[in-house]
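Okay, data-v4.cif is below, mmCIF, C-alpha atoms, pLDDT in the B column; chains and numbers go by the auth columns:
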data_input
loop_
_atom_site.group_PDB
_atom_site.id
_atom_site.type_symbol
_atom_site.label_atom_id
_atom_site.label_comp_id
_atom_site.label_asym_id
_atom_site.label_seq_id
_atom_site.Cartn_x
_atom_site.Cartn_y
_atom_site.Cartn_z
_atom_site.B_iso_or_equiv
_atom_site.auth_seq_id
_atom_site.auth_asym_id
ATOM 1 C CA MET A 1 194.574 148.684 151.613 70.00 1 A
ATOM 2 C CA ILE A 2 198.360 148.333 151.442 78.00 2 A
ATOM 3 C CA TYR A 3 200.132 147.875 154.798 81.00 3 A
ATOM 4 C CA PHE A 4 203.796 148.469 155.746 77.00 4 A
ATOM 5 C CA GLN A 5 204.749 150.735 152.864 78.00 5 A
ATOM 6 C CA THR A 6 208.458 151.548 153.097 72.00 6 A
ATOM 7 C CA SER A 7 210.569 154.442 151.882 59.00 7 A
ATOM 8 C CA ASN A 8 213.584 154.126 149.608 51.00 8 A
ATOM 9 C CA GLN A 9 215.864 153.979 152.630 49.00 9 A
ATOM 10 C CA ASP A 10 215.738 151.548 155.521 54.00 10 A
ATOM 11 C CA SER A 11 213.565 153.458 157.985 48.00 11 A
ATOM 12 C CA LEU A 12 213.591 150.894 160.778 51.00 12 A
ATOM 13 C CA ALA A 13 215.442 151.722 163.973 49.00 13 A
ATOM 14 C CA GLN A 14 217.720 148.694 164.289 54.00 14 A
ATOM 15 C CA ASP A 15 218.114 148.995 168.056 52.00 15 A
ATOM 16 C CA SER A 16 214.348 149.007 168.500 51.00 16 A
ATOM 17 C CA VAL A 17 213.924 146.022 166.204 52.00 17 A
ATOM 18 C CA LYS A 18 216.586 144.081 168.094 54.00 18 A
ATOM 19 C CA GLN A 19 214.913 144.950 171.393 53.00 19 A
ATOM 20 C CA ASN A 20 211.548 143.797 170.025 55.00 20 A
ATOM 21 C CA MET A 21 212.993 140.447 168.985 58.00 21 A
ATOM 22 C CA GLN A 22 214.251 139.925 172.549 68.00 22 A
ATOM 23 C CA PHE A 23 210.874 140.728 174.103 77.00 23 A
ATOM 24 C CA THR A 24 209.968 138.932 177.302 80.00 24 A
ATOM 25 C CA PRO A 25 206.917 139.753 179.449 84.00 25 A
ATOM 26 C CA THR A 26 207.310 141.452 182.821 89.00 26 A
ATOM 27 C CA LEU A 27 205.351 140.169 185.797 93.00 27 A
ATOM 28 C CA LYS A 28 202.806 142.716 187.002 91.00 28 A
ATOM 29 C CA PRO A 29 200.286 143.125 189.826 91.00 29 A
ATOM 30 C CA ASP A 30 197.116 141.075 189.271 91.00 30 A
ATOM 31 C CA ASP A 31 198.982 138.539 187.147 93.00 31 A
ATOM 32 C CA PHE A 32 197.852 135.032 188.005 93.00 32 A
ATOM 33 C CA LEU A 33 200.862 132.707 187.996 93.00 33 A
ATOM 34 C CA SER A 34 201.273 129.003 187.598 92.00 34 A
ATOM 35 C CA VAL A 35 204.488 128.035 189.442 93.00 35 A
ATOM 36 C CA VAL A 36 205.505 124.396 188.999 93.00 36 A
ATOM 37 C CA ILE A 37 208.610 122.995 190.705 94.00 37 A
ATOM 38 C CA THR A 38 210.349 119.761 189.778 93.00 38 A
ATOM 39 C CA ALA A 39 213.491 118.156 191.226 93.00 39 A
ATOM 40 C CA ASN A 40 215.452 114.903 191.327 90.00 40 A
ATOM 41 C CA ASP A 41 213.186 113.527 194.035 90.00 41 A
ATOM 42 C CA PRO A 42 209.520 113.938 192.975 89.00 42 A
ATOM 43 C CA GLU A 43 208.269 113.372 196.513 91.00 43 A
ATOM 44 C CA SER A 44 210.361 116.219 197.887 91.00 44 A
ATOM 45 C CA VAL A 45 208.650 118.886 195.742 92.00 45 A
ATOM 46 C CA ILE A 46 205.090 118.093 196.860 92.00 46 A
ATOM 47 C CA PRO A 47 205.043 120.693 199.698 92.00 47 A
ATOM 48 C CA PHE A 48 206.284 123.377 197.284 92.00 48 A
ATOM 49 C CA ASN A 49 203.646 122.925 194.571 91.00 49 A
ATOM 50 C CA TYR A 50 200.029 124.061 194.550 83.00 50 A
ATOM 51 C CA PRO A 51 197.834 121.215 195.875 78.00 51 A
ATOM 52 C CA GLU A 52 196.312 119.185 193.055 63.00 52 A
ATOM 53 C CA SER A 53 193.101 118.818 195.060 48.00 53 A
ATOM 54 C CA GLY A 54 192.542 122.556 194.720 45.00 54 A
ATOM 55 C CA GLY A 55 190.963 122.012 191.319 45.00 55 A
ATOM 56 C CA GLY A 56 191.070 124.283 188.313 45.00 56 A
ATOM 57 C CA ARG A 57 190.157 127.917 188.365 46.00 57 A
ATOM 58 C CA PRO A 58 188.365 129.049 185.203 47.00 58 A
ATOM 59 C CA LEU A 59 189.848 132.465 184.467 46.00 59 A
ATOM 60 C CA ASN A 60 188.511 132.655 180.925 46.00 60 A
ATOM 61 C CA GLN A 61 184.837 133.158 181.645 44.00 61 A
ATOM 62 C CA GLY A 62 183.581 136.013 179.465 42.00 62 A
ATOM 63 C CA TYR A 63 186.561 135.870 177.112 45.00 63 A
ATOM 64 C CA MET A 64 186.328 134.648 173.569 47.00 64 A
ATOM 65 C CA THR A 65 189.315 132.300 173.335 46.00 65 A
ATOM 66 C CA GLY A 66 191.726 130.304 175.469 46.00 66 A
ATOM 67 C CA ASN A 67 191.578 127.453 177.959 46.00 67 A
ATOM 68 C CA ALA A 68 190.717 127.485 181.646 46.00 68 A
ATOM 69 C CA ALA A 69 193.780 128.276 183.714 45.00 69 A
ATOM 70 C CA LYS A 70 195.262 126.051 186.388 57.00 70 A
ATOM 71 C CA SER A 71 195.256 126.916 190.049 75.00 71 A
ATOM 72 C CA GLY A 72 198.059 129.243 191.036 88.00 72 A
ATOM 73 C CA TYR A 73 199.146 132.420 192.753 93.00 73 A
ATOM 74 C CA LEU A 74 198.039 136.035 192.381 93.00 74 A
ATOM 75 C CA ILE A 75 200.562 138.875 192.432 95.00 75 A
ATOM 76 C CA ASP A 76 199.244 141.543 194.806 94.00 76 A
ATOM 77 C CA PRO A 77 199.326 145.331 194.145 91.00 77 A
ATOM 78 C CA ASP A 78 202.774 145.545 195.762 92.00 78 A
ATOM 79 C CA GLY A 79 204.183 142.899 193.408 93.00 79 A
ATOM 80 C CA ILE A 80 204.264 140.236 196.140 96.00 80 A
ATOM 81 C CA VAL A 81 203.327 136.595 195.634 95.00 81 A
ATOM 82 C CA ASN A 82 202.829 134.180 198.538 94.00 82 A
ATOM 83 C CA LEU A 83 204.345 130.759 197.782 94.00 83 A
ATOM 84 C CA PRO A 84 204.225 127.554 199.851 92.00 84 A
ATOM 85 C CA VAL A 85 207.204 127.138 202.224 92.00 85 A
ATOM 86 C CA LEU A 86 209.040 130.175 200.787 93.00 86 A
ATOM 87 C CA GLY A 87 206.357 132.631 201.883 93.00 87 A
ATOM 88 C CA LYS A 88 206.067 136.126 200.414 95.00 88 A
ATOM 89 C CA ILE A 89 208.471 137.027 197.596 95.00 89 A
ATOM 90 C CA LYS A 90 208.439 140.091 195.371 95.00 90 A
ATOM 91 C CA LEU A 91 208.256 139.086 191.713 95.00 91 A
ATOM 92 C CA GLY A 92 206.387 142.079 190.305 93.00 92 A
ATOM 93 C CA GLY A 93 208.486 144.114 187.884 91.00 93 A
ATOM 94 C CA LEU A 94 210.747 141.167 187.035 94.00 94 A
ATOM 95 C CA SER A 95 210.939 139.318 183.760 91.00 95 A
ATOM 96 C CA ARG A 96 209.895 135.699 183.883 89.00 96 A
ATOM 97 C CA THR A 97 213.515 134.624 183.325 90.00 97 A
ATOM 98 C CA VAL A 98 214.817 136.646 186.265 94.00 98 A
ATOM 99 C CA ALA A 99 211.944 135.505 188.495 95.00 99 A
ATOM 100 C CA THR A 100 212.678 131.885 187.585 95.00 100 A
ATOM 101 C CA ASP A 101 216.367 132.264 188.474 95.00 101 A
ATOM 102 C CA ILE A 102 215.510 133.831 191.847 95.00 102 A
ATOM 103 C CA LEU A 103 213.083 131.064 192.761 96.00 103 A
ATOM 104 C CA GLU A 104 215.440 128.291 191.676 95.00 104 A
ATOM 105 C CA LYS A 105 218.133 129.687 193.975 95.00 105 A
ATOM 106 C CA ARG A 106 215.669 129.860 196.862 95.00 106 A
ATOM 107 C CA TYR A 107 214.367 126.338 196.249 95.00 107 A
ATOM 108 C CA ALA A 108 217.939 125.029 196.015 94.00 108 A
ATOM 109 C CA LEU A 109 218.147 125.539 199.789 94.00 109 A
ATOM 110 C CA TYR A 110 215.536 122.786 200.171 94.00 110 A
ATOM 111 C CA LEU A 111 215.705 120.696 196.984 93.00 111 A
ATOM 112 C CA LYS A 112 218.359 119.059 194.839 92.00 112 A
ATOM 113 C CA ASN A 113 218.570 120.497 191.313 92.00 113 A
ATOM 114 C CA PRO A 114 215.188 122.279 191.365 94.00 114 A
ATOM 115 C CA VAL A 115 213.640 123.437 188.087 95.00 115 A
ATOM 116 C CA VAL A 116 210.983 126.175 188.162 95.00 116 A
ATOM 117 C CA ASN A 117 208.417 126.792 185.430 93.00 117 A
ATOM 118 C CA ILE A 118 206.484 130.076 185.675 93.00 118 A
ATOM 119 C CA GLN A 119 203.571 130.896 183.394 91.00 119 A
ATOM 120 C CA ILE A 120 201.220 133.877 183.368 91.00 120 A
ATOM 121 C CA GLN A 121 197.792 132.247 183.260 90.00 121 A
ATOM 122 C CA ASN A 122 195.716 135.385 182.641 90.00 122 A
ATOM 123 C CA TYR A 123 197.823 136.938 179.876 92.00 123 A
ATOM 124 C CA LYS A 124 195.200 138.708 177.780 93.00 124 A
ATOM 125 C CA ILE A 125 194.781 141.556 175.309 95.00 125 A
ATOM 126 C CA THR A 126 191.689 143.411 174.126 96.00 126 A
ATOM 127 C CA VAL A 127 190.876 144.598 170.596 96.00 127 A
ATOM 128 C CA LEU A 128 188.026 147.116 170.207 96.00 128 A
ATOM 129 C CA GLY A 129 186.567 149.364 167.559 93.00 129 A
ATOM 130 C CA ASP A 130 186.189 148.941 163.816 93.00 130 A
ATOM 131 C CA VAL A 131 187.309 145.303 163.501 93.00 131 A
ATOM 132 C CA ASN A 132 185.430 142.158 162.499 94.00 132 A
ATOM 133 C CA ARG A 133 185.620 140.355 165.869 94.00 133 A
ATOM 134 C CA PRO A 134 186.199 142.774 168.769 94.00 134 A
ATOM 135 C CA GLY A 135 186.799 141.155 172.142 94.00 135 A
ATOM 136 C CA THR A 136 189.254 140.057 174.812 95.00 136 A
ATOM 137 C CA TYR A 137 191.650 137.228 173.972 94.00 137 A
ATOM 138 C CA ASN A 138 193.707 135.049 176.305 92.00 138 A
ATOM 139 C CA ILE A 139 197.215 134.419 174.963 91.00 139 A
ATOM 140 C CA PRO A 140 198.571 131.031 176.105 86.00 140 A
ATOM 141 C CA ASN A 141 202.169 131.570 174.944 85.00 141 A
ATOM 142 C CA GLU A 142 202.549 135.059 176.518 84.00 142 A
ATOM 143 C CA ARG A 143 203.904 136.499 173.285 87.00 143 A
ATOM 144 C CA ILE A 144 201.778 138.279 170.694 92.00 144 A
ATOM 145 C CA THR A 145 202.446 141.093 168.260 94.00 145 A
ATOM 146 C CA LEU A 146 200.119 143.942 167.386 94.00 146 A
ATOM 147 C CA LEU A 147 199.690 142.415 163.940 94.00 147 A
ATOM 148 C CA GLU A 148 198.755 139.030 165.396 94.00 148 A
ATOM 149 C CA ALA A 149 196.190 140.700 167.665 95.00 149 A
ATOM 150 C CA ILE A 150 194.628 142.406 164.655 94.00 150 A
ATOM 151 C CA GLY A 151 194.597 139.035 162.911 94.00 151 A
ATOM 152 C CA LEU A 152 192.801 137.440 165.868 94.00 152 A
ATOM 153 C CA SER A 153 190.102 140.089 165.596 93.00 153 A
ATOM 154 C CA GLY A 154 189.536 139.307 161.910 93.00 154 A
ATOM 155 C CA ASP A 155 191.439 142.382 160.618 92.00 155 A
ATOM 156 C CA LEU A 156 190.114 145.922 160.335 91.00 156 A
ATOM 157 C CA ASP A 157 186.901 146.704 158.516 90.00 157 A
ATOM 158 C CA ILE A 158 187.389 148.629 155.284 90.00 158 A
ATOM 159 C CA THR A 159 186.270 151.739 157.208 90.00 159 A
ATOM 160 C CA GLY A 160 188.845 151.322 159.992 88.00 160 A
ATOM 161 C CA GLU A 161 191.507 154.018 160.406 91.00 161 A
ATOM 162 C CA ARG A 162 194.772 152.247 159.573 91.00 162 A
ATOM 163 C CA GLU A 163 196.853 155.389 159.986 91.00 163 A
ATOM 164 C CA ASN A 164 195.903 155.998 163.607 91.00 164 A
ATOM 165 C CA VAL A 165 195.742 152.705 165.541 94.00 165 A
ATOM 166 C CA LEU A 166 195.689 153.329 169.298 95.00 166 A
ATOM 167 C CA VAL A 167 197.369 151.036 171.847 96.00 167 A
ATOM 168 C CA ILE A 168 196.630 151.740 175.525 96.00 168 A
ATOM 169 C CA ARG A 169 199.079 150.314 178.059 94.00 169 A
ATOM 170 C CA GLU A 170 199.445 150.647 181.818 89.00 170 A
ATOM 171 C CA GLU A 171 203.001 151.570 182.801 85.00 171 A
ATOM 172 C CA ASN A 172 204.066 152.217 186.388 78.00 172 A
ATOM 173 C CA GLY A 173 200.489 152.763 187.483 78.00 173 A
ATOM 174 C CA LYS A 174 199.735 155.209 184.652 86.00 174 A
ATOM 175 C CA ARG A 175 198.041 154.697 181.299 90.00 175 A
ATOM 176 C CA ALA A 176 200.187 155.405 178.260 93.00 176 A
ATOM 177 C CA GLN A 177 198.879 155.802 174.707 95.00 177 A
ATOM 178 C CA TYR A 178 200.715 154.916 171.509 95.00 178 A
ATOM 179 C CA ARG A 179 199.619 155.746 167.951 94.00 179 A
ATOM 180 C CA ILE A 180 200.657 153.485 165.075 93.00 180 A
ATOM 181 C CA ASN A 181 200.346 153.926 161.297 93.00 181 A
ATOM 182 C CA LEU A 182 199.837 150.488 159.741 91.00 182 A
ATOM 183 C CA LYS A 183 200.384 151.916 156.274 90.00 183 A
ATOM 184 C CA THR A 184 204.062 152.436 157.082 89.00 184 A
ATOM 185 C CA ASP A 185 206.728 150.129 158.456 87.00 185 A
ATOM 186 C CA GLU A 186 206.976 152.036 161.762 86.00 186 A
ATOM 187 C CA VAL A 187 205.014 149.282 163.480 88.00 187 A
ATOM 188 C CA PHE A 188 208.075 146.985 163.429 89.00 188 A
ATOM 189 C CA SER A 189 210.185 149.388 165.492 88.00 189 A
ATOM 190 C CA SER A 190 207.374 150.521 167.785 90.00 190 A
ATOM 191 C CA PRO A 191 207.532 149.805 171.546 91.00 191 A
ATOM 192 C CA VAL A 192 204.077 148.242 171.204 92.00 192 A
ATOM 193 C CA TYR A 193 204.977 145.846 168.387 93.00 193 A
ATOM 194 C CA TYR A 194 204.899 143.147 171.060 94.00 194 A
ATOM 195 C CA LEU A 195 201.825 143.622 173.223 94.00 195 A
ATOM 196 C CA GLN A 196 201.951 143.236 176.986 92.00 196 A
ATOM 197 C CA GLN A 197 199.305 141.672 179.190 92.00 197 A
ATOM 198 C CA ASN A 198 196.133 143.792 179.503 92.00 198 A
ATOM 199 C CA ASP A 199 197.013 146.014 176.515 95.00 199 A
ATOM 200 C CA VAL A 200 194.018 147.485 174.672 96.00 200 A
ATOM 201 C CA VAL A 201 194.067 148.012 170.892 96.00 201 A
ATOM 202 C CA TYR A 202 191.466 150.442 169.548 96.00 202 A
ATOM 203 C CA ILE A 203 190.627 150.994 165.877 95.00 203 A
ATOM 204 C CA GLU A 204 188.797 154.216 165.064 93.00 204 A
ATOM 205 C CA PRO A 205 186.157 154.266 162.300 91.00 205 A
ATOM 206 C CA ASN A 206 186.924 156.657 159.462 80.00 206 A
ATOM 207 C CA THR A 207 185.159 159.985 158.962 72.00 207 A
ATOM 208 C CA ALA A 208 182.564 158.590 156.567 66.00 208 A
ATOM 209 C CA LYS A 209 181.446 155.892 159.003 61.00 209 A
ATOM 210 C CA ARG A 210 181.365 158.311 161.947 59.00 210 A
ATOM 211 C CA THR A 211 179.257 160.716 159.886 69.00 211 A
ATOM 212 C CA GLN A 212 176.911 157.930 158.859 64.00 212 A
ATOM 213 C CA GLY A 213 176.461 156.910 162.489 58.00 213 A
ATOM 214 C CA THR A 214 175.807 160.512 163.574 57.00 214 A
ATOM 215 C CA VAL A 215 173.254 161.081 160.817 54.00 215 A
ATOM 216 C CA TRP A 216 171.383 157.902 161.759 49.00 216 A
ATOM 217 C CA ARG A 217 171.310 158.790 165.454 59.00 217 A
ATOM 218 C CA THR A 218 169.930 162.267 164.770 60.00 218 A
ATOM 219 C CA SER A 219 167.499 161.399 161.967 59.00 219 A
ATOM 220 C CA GLY A 220 166.688 157.760 162.688 57.00 220 A
ATOM 221 C CA GLY A 221 163.998 158.590 165.240 61.00 221 A
ATOM 222 C CA ILE A 222 162.383 161.116 162.900 66.00 222 A
ATOM 223 C CA PHE A 223 162.408 158.611 160.035 61.00 223 A
ATOM 224 C CA ILE A 224 160.800 155.905 162.163 72.00 224 A
ATOM 225 C CA SER A 225 158.126 158.342 163.396 69.00 225 A
ATOM 226 C CA LEU A 226 157.408 159.441 159.832 72.00 226 A
ATOM 227 C CA VAL A 227 157.007 155.846 158.637 71.00 227 A
ATOM 228 C CA ALA A 228 154.676 155.117 161.571 71.00 228 A
ATOM 229 C CA LEU A 229 152.589 158.221 160.747 69.00 229 A
ATOM 230 C CA ILE A 230 152.282 157.186 157.087 76.00 230 A
ATOM 231 C CA LEU A 231 151.211 153.657 158.019 73.00 231 A
ATOM 232 C CA THR A 232 148.661 154.979 160.525 73.00 232 A
ATOM 233 C CA THR A 233 147.231 157.434 157.984 72.00 233 A
ATOM 234 C CA TYR A 234 147.052 154.699 155.337 66.00 234 A
ATOM 235 C CA THR A 235 145.190 152.427 157.743 72.00 235 A
ATOM 236 C CA ILE A 236 142.656 155.120 158.694 72.00 236 A
ATOM 237 C CA VAL A 237 141.995 156.212 155.091 69.00 237 A
ATOM 238 C CA PHE A 238 141.551 152.755 153.591 68.00 238 A
ATOM 239 C CA ASN A 239 139.670 151.237 156.510 63.00 239 A
#
Just give me the structure as structure tokens.
Amino acid sequence: MIYFQTSNQDSLAQDSVKQNMQFTPTLKPDDFLSVVITANDPESVIPFNYPESGGGRPLNQGYMTGNAAKSGYLIDPDGIVNLPVLGKIKLGGLSRTVATDILEKRYALYLKNPVVNIQIQNYKITVLGDVNRPGTYNIPNERITLLEAIGLSGDLDITGERENVLVIREENGKRAQYRINLKTDEVFSSPVYYLQQNDVVYIEPNTAKRTQGTVWRTSGGIFISLVALILTTYTIVFN
């Protein structure tokens, strides 16, 4: 199978490609954040950081890859996160860069030269369908392309539909669907070239495999019953 076949002319939308290269994840409800604050005086930041005695919180149970996440803060459905000392702050809908700038300005009221590091601990994507290793994958660097996700899953089976890859994404409380043809270069200018947290990639089986599965479901029981009848008859006759 040949991927990314191009036409004679440059078919990529340059604005879309440039936007893809500048991708940064947006904080969303149910994101679990690690927020670490440092400053000139290490003792002064202790009240602002999550207590070390809280222990780790294993967020990866049931997922195939990734490490257990640190303790941190959950963004609620309204996009609010409750931080020590600062209290409730709305970070949902912001990029990590913007959220970092806002928090550093707030912490500057209490600390000298504060530096904030925000990380989404439960950044994950799911790959389903006709691939070699379907499953849910935690992404530690918060940046993964559709092609990398397919690579994580062991690539498509030979029977996978490469011309109709489905990406399901939740946007503003609604589920959006995007269709991608991996046999063309449209994937590079697609809005789902970089996947967002909780995206689902689904690979359909081709017509031949669907037909094979349907035939087995409808005739498999009959075949098994027929084999059982033959074996029973053979046993009765020769015993």
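Taking CA of Val167 in chain A as the reference point, CA of Gly72 in chain A is found at 29.0 Å.
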Centre and size of axis-aligned box enclosing range 90-104 of chain A plus 5 Å each side, as AutoDock Vina command-line options:
--center_x 211.4 --center_y 136.2 --center_z 189.3 --size_x 20.0 --size_y 25.8 --size_z 22.0
Residues within 12 Å of range 32-34 of chain A, please, as a VMD selection string. Count all atoms listed in the file; anything in the same chain fewer than 3 positions from it doesn't count.
chain A and resid 27 to 29 37 49 to 51 56 to 60 69 to 76 79 to 83 91 to 92 96 99 to 100 116 to 124 140 142 197
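Comparing the minimum interatomic distances between Val45 in chain A and each of A:Gly173, A:Pro25, A:Pro114, A:Gly135, counting all atoms listed in the file, we find that A:Pro114 sits nearest.
A straight line drawn from CA of Val187 in chain A to CA of Asp157 in chain A is 19.0 Å long.
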Figure out the distance between CA of Leu147 in chain A and CA of Ile2 in chain A, please, to one decimal in Å.
13.9 Å
Might you pull out every residue within 8 Å of Leu182 in chain A, with only C-alpha atoms counted and same-chain residues fewer than 3 positions away left off, and present them as a PyMOL selection string?
chain A and resi 3-4+162-165+185-187
Save the residues we just selected, C-alpha atoms, as a compact mmCIF listing (two decimals), keeping the file's coordinate frame?
# COMPACT_ATOMS: atom_id res chain seq x y z
CA TYR A 3 200.13 147.88 154.80
CA PHE A 4 203.80 148.47 155.75
CA ARG A 162 194.77 152.25 159.57
CA GLU A 163 196.85 155.39 159.99
CA ASN A 164 195.90 156.00 163.61
CA VAL A 165 195.74 152.71 165.54
CA ASP A 185 206.73 150.13 158.46
CA GLU A 186 206.98 152.04 161.76
CA VAL A 187 205.01 149.28 163.48
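Residue nearest Gly93 in chain A within the list A:Asn172, A:Ile125, A:Ile46, A:Ile180: A:Asn172 [criterion: smallest interatomic distance, only C-alpha atoms].
Distance annotation: of A:Asn141, A:Ser153, A:Thr235, A:Gln5, the residue with the minimal separation from Lys183 in chain A is A:Gln5; atom set is all atoms listed in the file.
The closest residue to Thr145 in chain A, picked from A:Thr233, A:Thr38, A:Gln196, A:Thr184 and counting only C-alpha atoms, is A:Gln196.
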Once the PyMOL selection byres ((chain A and resi 193) around 9) is applied to the coordinates I shared, what remains selected? I want it as a PyMOL selection string.
chain A and resi 20+144-147+187-192+194-195
Skipping near chain neighbours, those fewer than 3 positions away, what residues fall within 9 Å of Glu161 in chain A using only C-alpha atoms, listed as an mmCIF file with C-alpha atoms, in the frame of the given file?
data_model
loop_
_atom_site.group_PDB
_atom_site.id
_atom_site.type_symbol
_atom_site.label_atom_id
_atom_site.label_comp_id
_atom_site.auth_asym_id
_atom_site.auth_seq_id
_atom_site.Cartn_x
_atom_site.Cartn_y
_atom_site.Cartn_z
ATOM 1 C CA ASP A 130 186.189 148.941 163.816
ATOM 2 C CA LEU A 156 190.114 145.922 160.335
ATOM 3 C CA ASP A 157 186.901 146.704 158.516
ATOM 4 C CA ILE A 158 187.389 148.629 155.284
ATOM 5 C CA ASN A 164 195.903 155.998 163.607
ATOM 6 C CA VAL A 165 195.742 152.705 165.541
ATOM 7 C CA ASN A 181 200.346 153.926 161.297
ATOM 8 C CA ILE A 203 190.627 150.994 165.877
ATOM 9 C CA GLU A 204 188.797 154.216 165.064
ATOM 10 C CA PRO A 205 186.157 154.266 162.300
ATOM 11 C CA ASN A 206 186.924 156.657 159.462
ATOM 12 C CA THR A 207 185.159 159.985 158.962
#
